[in-house]
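S.K.: What follows is the file final-v3.cif, containing mmCIF, C-alpha atoms:
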```
data_start
#
loop_
_atom_site.label_atom_id
_atom_site.label_comp_id
_atom_site.auth_asym_id
_atom_site.auth_seq_id
_atom_site.Cartn_x
_atom_site.Cartn_y
_atom_site.Cartn_z
CA GLY A 10 7.82 14.16 40.51
CA ARG A 11 9.57 13.21 37.30
CA ARG A 12 13.24 13.94 36.76
CA SER A 13 14.10 16.90 34.54
CA VAL A 14 16.60 16.28 31.77
CA HIS A 15 17.62 18.94 29.25
CA CYS A 16 20.11 18.56 26.41
CA GLY A 17 21.39 15.32 27.92
CA VAL A 18 22.33 16.87 31.27
CA TRP A 19 20.62 16.54 34.61
CA ALA A 20 18.87 19.77 35.63
CA CYS A 21 19.82 19.61 39.30
CA GLU A 22 17.99 22.80 40.21
CA GLY A 23 14.69 21.14 39.23
CA MET A 24 15.23 18.01 41.31
CA ASN A 25 13.64 17.43 44.68
CA ARG A 26 15.56 16.01 47.62
CA ALA A 27 14.65 12.39 46.89
CA GLU A 28 15.73 12.71 43.26
CA LYS A 29 19.04 14.27 44.27
CA ALA A 30 19.64 11.43 46.74
CA THR A 31 18.86 8.90 43.99
CA LEU A 32 21.42 10.55 41.71
CA GLN A 33 24.03 10.52 44.49
CA LEU A 34 23.38 6.85 45.28
CA ARG A 35 23.59 5.92 41.58
CA ALA A 36 26.98 7.65 41.42
CA CYS A 37 28.19 5.65 44.45
CA ALA A 38 26.93 2.40 42.90
CA PHE A 39 28.73 3.21 39.67
CA LEU A 40 32.00 3.89 41.52
CA GLY A 41 31.51 0.67 43.48
CA MET A 42 31.21 -1.29 40.24
CA LEU A 43 34.46 0.25 38.99
CA LYS A 44 36.24 -0.48 42.26
CA ARG A 45 35.74 -4.23 41.78
CA SER A 46 38.48 -4.24 39.14
CA ARG A 47 40.59 -1.24 40.18
CA THR A 48 42.60 0.06 43.10
CA TYR A 49 41.60 3.39 44.60
CA GLU A 50 44.70 4.95 43.07
CA GLU A 51 43.74 3.68 39.61
CA LEU A 52 40.17 4.85 40.12
CA ALA A 53 41.41 8.28 41.23
CA ALA A 54 43.53 8.62 38.09
CA GLU A 55 40.57 7.63 35.91
CA THR A 56 37.98 9.88 37.55
CA ALA A 57 40.10 12.82 38.80
CA ILE A 58 38.49 12.33 42.22
CA PRO A 59 40.85 11.98 45.22
CA ALA A 60 41.34 8.40 46.43
CA GLY A 61 40.22 9.32 49.94
CA ASP A 62 36.92 10.69 48.67
CA LEU A 63 36.40 7.60 46.52
CA ASN A 64 36.97 5.35 49.53
CA ARG A 65 34.30 7.18 51.50
CA TYR A 66 31.81 7.09 48.58
CA VAL A 67 32.31 3.41 47.80
CA ASN A 68 32.01 2.37 51.44
CA GLY A 69 28.90 4.45 51.99
CA HIS A 70 30.33 6.81 54.60
CA VAL A 71 29.67 9.97 52.56
CA LEU A 72 27.61 10.80 49.48
CA PRO A 73 29.18 12.91 46.72
CA GLY A 74 27.77 16.38 46.24
CA VAL A 75 25.02 16.67 43.66
CA ASP A 76 27.27 18.44 41.14
CA ARG A 77 29.96 15.79 41.47
CA ALA A 78 27.37 12.99 41.27
CA GLU A 79 26.01 14.57 38.07
CA ARG A 80 29.48 14.65 36.55
CA ILE A 81 30.08 11.01 37.47
CA ILE A 82 26.86 9.89 35.76
CA ALA A 83 26.87 12.30 32.80
CA GLU A 84 30.57 12.29 31.86
CA LEU A 85 32.27 9.26 33.35
CA ALA A 86 29.58 6.61 33.14
CA PRO A 87 28.81 6.33 29.40
CA PRO A 88 32.27 5.26 28.11
CA VAL A 89 32.89 3.04 31.13
CA LEU A 90 29.51 1.31 30.84
CA GLU A 91 30.13 0.75 27.13
CA ALA A 92 33.47 -0.87 27.93
CA GLU A 93 31.85 -2.96 30.67
CA LEU A 94 29.14 -4.05 28.23
CA ARG A 95 31.76 -5.11 25.69
CA ARG A 96 33.57 -7.12 28.36
CA ARG A 97 30.41 -8.98 29.39
CA ILE A 98 29.17 -10.19 26.01
CA THR A 99 30.46 -12.98 23.80
CA ILE A 100 30.10 -13.44 20.05
CA ASP A 101 30.17 -16.91 18.54
CA THR A 102 31.87 -17.93 15.32
CA GLU A 103 28.64 -17.30 13.37
CA GLY A 104 28.36 -13.74 14.66
CA TYR A 105 25.53 -14.27 17.14
CA VAL A 106 25.67 -12.24 20.34
CA ASP A 107 25.31 -13.76 23.82
CA ASN A 108 24.35 -10.87 26.10
CA SER A 109 23.11 -12.91 29.04
CA GLY A 110 25.94 -11.47 31.16
CA VAL A 111 24.26 -8.09 30.71
CA VAL A 112 20.50 -8.69 30.62
CA TYR A 113 20.65 -10.86 33.76
CA ASP A 114 22.62 -8.29 35.78
CA ARG A 115 20.14 -6.05 37.57
CA GLN A 116 22.76 -3.77 39.09
CA PHE A 117 24.43 -3.12 35.74
CA LEU A 118 21.10 -2.30 34.08
CA GLU A 119 20.20 0.06 36.93
CA LEU A 120 23.41 1.95 36.16
CA VAL A 121 22.66 2.02 32.42
CA ALA A 122 19.16 3.47 32.97
CA PRO A 123 20.15 7.05 33.98
CA VAL A 124 22.73 7.19 31.19
CA ALA A 125 20.11 6.05 28.67
CA ALA A 126 17.61 8.58 30.05
CA MET A 127 20.10 11.41 29.52
CA THR A 128 20.92 10.16 26.01
CA MET A 129 17.26 9.98 25.01
CA ASP A 130 16.13 13.14 26.83
CA ALA A 131 12.83 11.40 27.63
CA PRO A 132 12.03 12.23 31.27
CA ASP A 133 8.27 12.27 30.78
CA ALA A 134 7.70 8.77 29.42
CA ASP A 135 4.45 7.24 30.62
CA VAL A 136 5.27 3.76 29.34
CA VAL A 137 8.39 1.79 28.48
CA LEU A 138 7.63 -0.72 25.72
CA THR A 139 9.73 -3.75 24.79
CA ALA A 140 9.46 -7.23 23.31
CA ALA A 141 9.68 -10.45 25.27
CA THR A 142 11.94 -11.78 26.44
CA ASP A 143 15.50 -10.42 26.52
CA GLY A 144 14.38 -6.78 26.49
CA ILE A 145 12.28 -7.12 29.64
CA THR A 146 15.01 -6.62 32.25
CA THR A 147 16.39 -3.55 30.47
CA ALA A 148 12.88 -2.11 30.13
CA CYS A 149 12.14 -2.73 33.82
CA ALA A 150 15.32 -0.91 34.88
CA MET A 151 14.44 2.00 32.60
CA ALA A 152 10.83 2.15 33.79
CA ALA A 153 11.92 2.14 37.44
CA HIS A 154 14.30 5.02 36.78
CA LEU A 155 11.69 7.07 34.87
CA ASP A 156 8.82 6.20 37.24
CA ALA A 157 6.94 4.82 34.24
CA GLU A 158 4.86 1.74 33.51
CA VAL A 159 6.49 -1.16 31.64
CA VAL A 160 4.72 -3.32 29.06
CA TYR A 161 6.03 -5.98 26.72
CA ALA A 162 4.70 -7.51 23.53
CA LYS A 163 4.76 -11.30 23.25
CA GLN A 164 4.62 -13.81 20.44
CA THR A 165 1.72 -15.55 22.13
CA ARG A 166 -1.73 -14.37 23.19
CA GLU A 167 -2.64 -14.27 26.87
CA THR A 168 -5.47 -16.75 27.31
CA ALA A 169 -7.59 -14.57 29.60
CA VAL A 170 -7.25 -11.39 27.50
CA ASP A 171 -9.99 -10.67 24.96
CA ALA A 172 -8.62 -7.76 22.91
CA PHE A 173 -5.12 -7.36 21.53
CA ILE A 174 -3.02 -5.07 19.43
CA GLU A 175 -1.49 -7.39 16.83
CA SER A 176 1.49 -6.56 14.65
CA ARG A 177 2.90 -8.77 11.89
CA GLN A 178 6.23 -8.41 10.15
CA ARG A 179 7.46 -10.73 7.41
CA LEU A 180 11.17 -11.36 7.87
CA ARG A 181 13.62 -11.44 5.00
CA SER A 182 13.80 -15.21 5.48
CA GLY A 183 10.07 -15.45 4.77
CA ILE A 184 9.15 -16.23 8.37
CA GLU A 185 6.28 -14.15 9.70
CA LEU A 186 6.94 -12.44 13.02
CA THR A 187 3.82 -11.66 15.05
CA TYR A 188 3.64 -9.88 18.40
CA TYR A 189 0.63 -9.26 20.61
CA LEU A 190 -0.03 -6.69 23.32
CA PRO A 191 -3.23 -6.40 25.37
CA ALA A 192 -5.26 -3.59 23.83
CA ASP A 193 -5.49 -1.59 27.04
CA ALA A 194 -1.78 -1.87 27.96
CA ILE A 195 -0.98 1.54 26.44
CA GLY A 196 -3.51 4.34 26.74
CA PRO A 197 -4.24 6.67 23.81
CA GLY A 198 -1.91 9.65 23.85
CA ALA A 199 0.60 7.99 26.17
CA SER A 200 4.26 8.92 25.77
CA VAL A 201 6.22 5.76 25.02
CA LEU A 202 9.93 4.98 25.16
CA ILE A 203 10.82 1.79 23.27
CA VAL A 204 13.67 -0.21 24.80
CA ASP A 205 15.34 -3.40 23.64
CA ASP A 206 18.50 -5.35 24.32
CA LEU A 207 19.61 -5.62 20.69
CA ILE A 208 18.99 -3.99 17.32
CA ARG A 209 20.22 -6.10 14.42
CA SER A 210 17.85 -6.13 11.44
CA GLY A 211 15.35 -3.63 12.86
CA GLU A 212 12.48 -6.07 12.35
CA THR A 213 11.47 -6.36 16.01
CA GLN A 214 11.77 -2.60 16.41
CA THR A 215 9.49 -2.14 13.39
CA VAL A 216 6.87 -4.26 15.13
CA LEU A 217 7.18 -2.25 18.35
CA LEU A 218 6.81 1.04 16.48
CA ASP A 219 3.71 -0.34 14.77
CA ILE A 220 2.23 -1.39 18.12
CA ALA A 221 2.82 2.10 19.54
CA GLU A 222 1.18 3.63 16.46
CA GLN A 223 -1.84 1.32 16.74
CA ALA A 224 -2.16 2.35 20.40
CA ALA A 225 -2.25 6.02 19.32
CA ALA A 226 0.79 6.67 21.50
CA THR A 227 3.58 9.20 21.05
CA VAL A 228 7.01 7.60 20.62
CA LEU A 229 9.69 9.58 22.45
CA GLY A 230 12.56 7.44 21.22
CA MET A 231 14.10 3.99 21.02
CA TYR A 232 17.11 2.79 23.00
CA ALA A 233 19.03 -0.49 22.81
CA LEU A 234 22.00 -1.82 24.67
CA ILE A 235 23.67 -3.06 21.48
CA ALA A 236 23.26 -2.20 17.80
CA VAL A 237 24.82 -4.71 15.39
CA GLY A 238 25.84 -3.12 12.12
CA ASP A 239 24.12 -0.18 10.45
CA ASP A 240 21.13 -1.78 8.72
CA GLY A 241 18.86 -2.12 11.75
CA LEU A 242 19.55 1.40 12.96
CA ALA A 243 18.99 2.84 9.49
CA GLU A 244 15.76 0.91 8.97
CA THR A 245 14.40 1.93 12.35
CA ARG A 246 15.39 5.59 11.99
CA ALA A 247 13.64 5.70 8.62
CA LEU A 248 10.35 4.81 10.33
CA THR A 249 10.32 7.45 13.07
CA THR A 250 11.40 11.01 13.70
CA ALA A 251 12.17 10.12 17.32
CA PRO A 252 15.82 9.46 18.28
CA VAL A 253 17.12 5.88 17.98
CA GLU A 254 20.29 5.21 19.98
CA ALA A 255 22.38 2.37 21.42
CA LEU A 256 24.94 2.14 24.20
CA TRP A 257 27.35 0.19 22.00
CA HIS A 258 27.53 -0.01 18.21
CA LEU A 259 28.96 -3.42 17.27
CA PRO A 260 30.28 -3.79 13.69
CA ALA A 261 28.28 -6.14 11.51
CA PRO A 262 29.69 -9.66 11.04
CA SER A 263 31.78 -10.15 7.92
CA HIS A 264 29.22 -12.56 6.48
CA PRO A 265 25.41 -12.34 6.49
CA LEU A 266 23.79 -14.22 9.36
CA GLU A 267 21.46 -17.02 8.45
CA PRO A 268 18.24 -16.81 10.45
CA ARG A 269 18.02 -19.45 13.12
CA SER A 270 14.90 -21.55 12.91
CA TYR A 271 12.01 -20.53 15.13
CA THR A 272 8.97 -22.62 15.95
CA PRO A 273 6.19 -20.61 17.60
CA PRO A 274 4.89 -22.17 20.83
CA PRO A 275 1.53 -23.90 20.44
CA GLN A 276 -1.54 -21.83 21.20
CA PRO A 277 -3.75 -23.21 24.01
CA THR A 278 -6.81 -25.06 22.89
CA GLN A 279 -10.25 -24.06 24.11
CA ARG A 280 -10.26 -26.98 26.56
CA GLN A 281 -6.84 -26.00 27.93
CA ALA A 282 -8.03 -22.43 28.32
CA GLU A 283 -11.08 -23.55 30.24
CA ASN A 284 -8.93 -25.65 32.55
#
```
As structure tokens, please, write out the structure in this file.
M.R.:
Amino acid sequence: GRRSVHCGVWACEGMNRAEKATLQLRACAFLGMLKRSRTYEELAAETAIPAGDLNRYVNGHVLPGVDRAERIIAELAPPVLEAELRRRITIDTEGYVDNSGVVYDRQFLELVAPVAAMTMDAPDADVVLTAATDGITTACAMAAHLDAEVVYAKQTRETAVDAFIESRQRLRSGIELTYYLPADAIGPGASVLIVDDLIRSGETQTVLLDIAEQAAATVLGMYALIAVGDDGLAETRALTTAPVEALWHLPAPSHPLEPRSYTPPPQPTQRQAEN
């Protein structure tokens, strides 16, 4: 069964035993991540949980009660994960974000997923949709948590696929951005949660919203790890009534970013496709 989330809080009374155990294990994993850079005394002061209990949780001897596990995930996790995210990324002198320390860390993304699910209040998503490539790991973590399918749009066509949903977006630089998704990847009427690693201009998110609309799907919301500035969030929110949120809102760079050149990969020829 799907998890029940109401008003951003886990509804423990509606969870089955497996779901409660998952919540408890997520709480232990979160505490274990914190323990890497803290003593038990420091962790106790930060969480208001006795050091002895923390020791038993982190070492796997005891699981926290469901109510305590819910508090750990719902109240303690969001600000700590945001701080951890900030610590893991780097920004170059031109204002470009390197988030490889986040999108390549499976354990971190698995901890973000339940926090994002509570933020979005989207427990009944059928599909998690993202764009290749950096959004894929975040989308996979979210889909695993929600027990949903995961699909991703690409800037190339799959050779063996006949029918596609195609979405084009002309960037401010004049470059045309085109994404493709197999036509049967999202069923009509499916509930879709859009996930990405980064919202900057909102252009990729516009494409993903268009793909969901072409698939006759219902968009439950859009979630990103990082939002840079206000423009992308504002543009995306203007296109949908669904919530659009991010774990961390990074101020825009002091100067406009010049688009980095992009050369689309060559499409396979008919002979290559046949081979």
S.K.: So which one's closest to Asp76 of chain A, A:Arg209, A:Arg45, A:Lys29, A:His154? Using only C-alpha atoms, please.
M.R.: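 With only C-alpha atoms as the atom set, the closest residue is A:Lys29.
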S.K.: Near Ile81 of chain A, within 10 Å and counting only C-alpha atoms, which residues show up once chain neighbours fewer than 2 positions away are dropped, as a PyMOL selection string?
M.R.: chain A and resi 32-33+35-37+39-40+56+58+73+75-79+83-87
S.K.: Would you please work out which residue, of A:Asn108, A:Thr128, A:Thr213, A:Thr146, is nearest to Ser176 of chain A when using all atoms listed in the file?
M.R.: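 That would be A:Thr213, the residue with the smallest distance to Ser176 of chain A.
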S.K.: Can you list, as a VMD selection string, every protein, DNA or RNA residue that comes within 7 Å of segment 231-243 of chain A when you count all atoms listed in the file, leaving out same-chain residues fewer than 3 positions away?
M.R.: chain A and resid 202 to 211 246 to 247 252 to 261
S.K.: Which distance in Å separates atom CA of Ala224 of chain A and atom CA of Gln164 of chain A, to one decimal?
M.R.: 17.5 Å
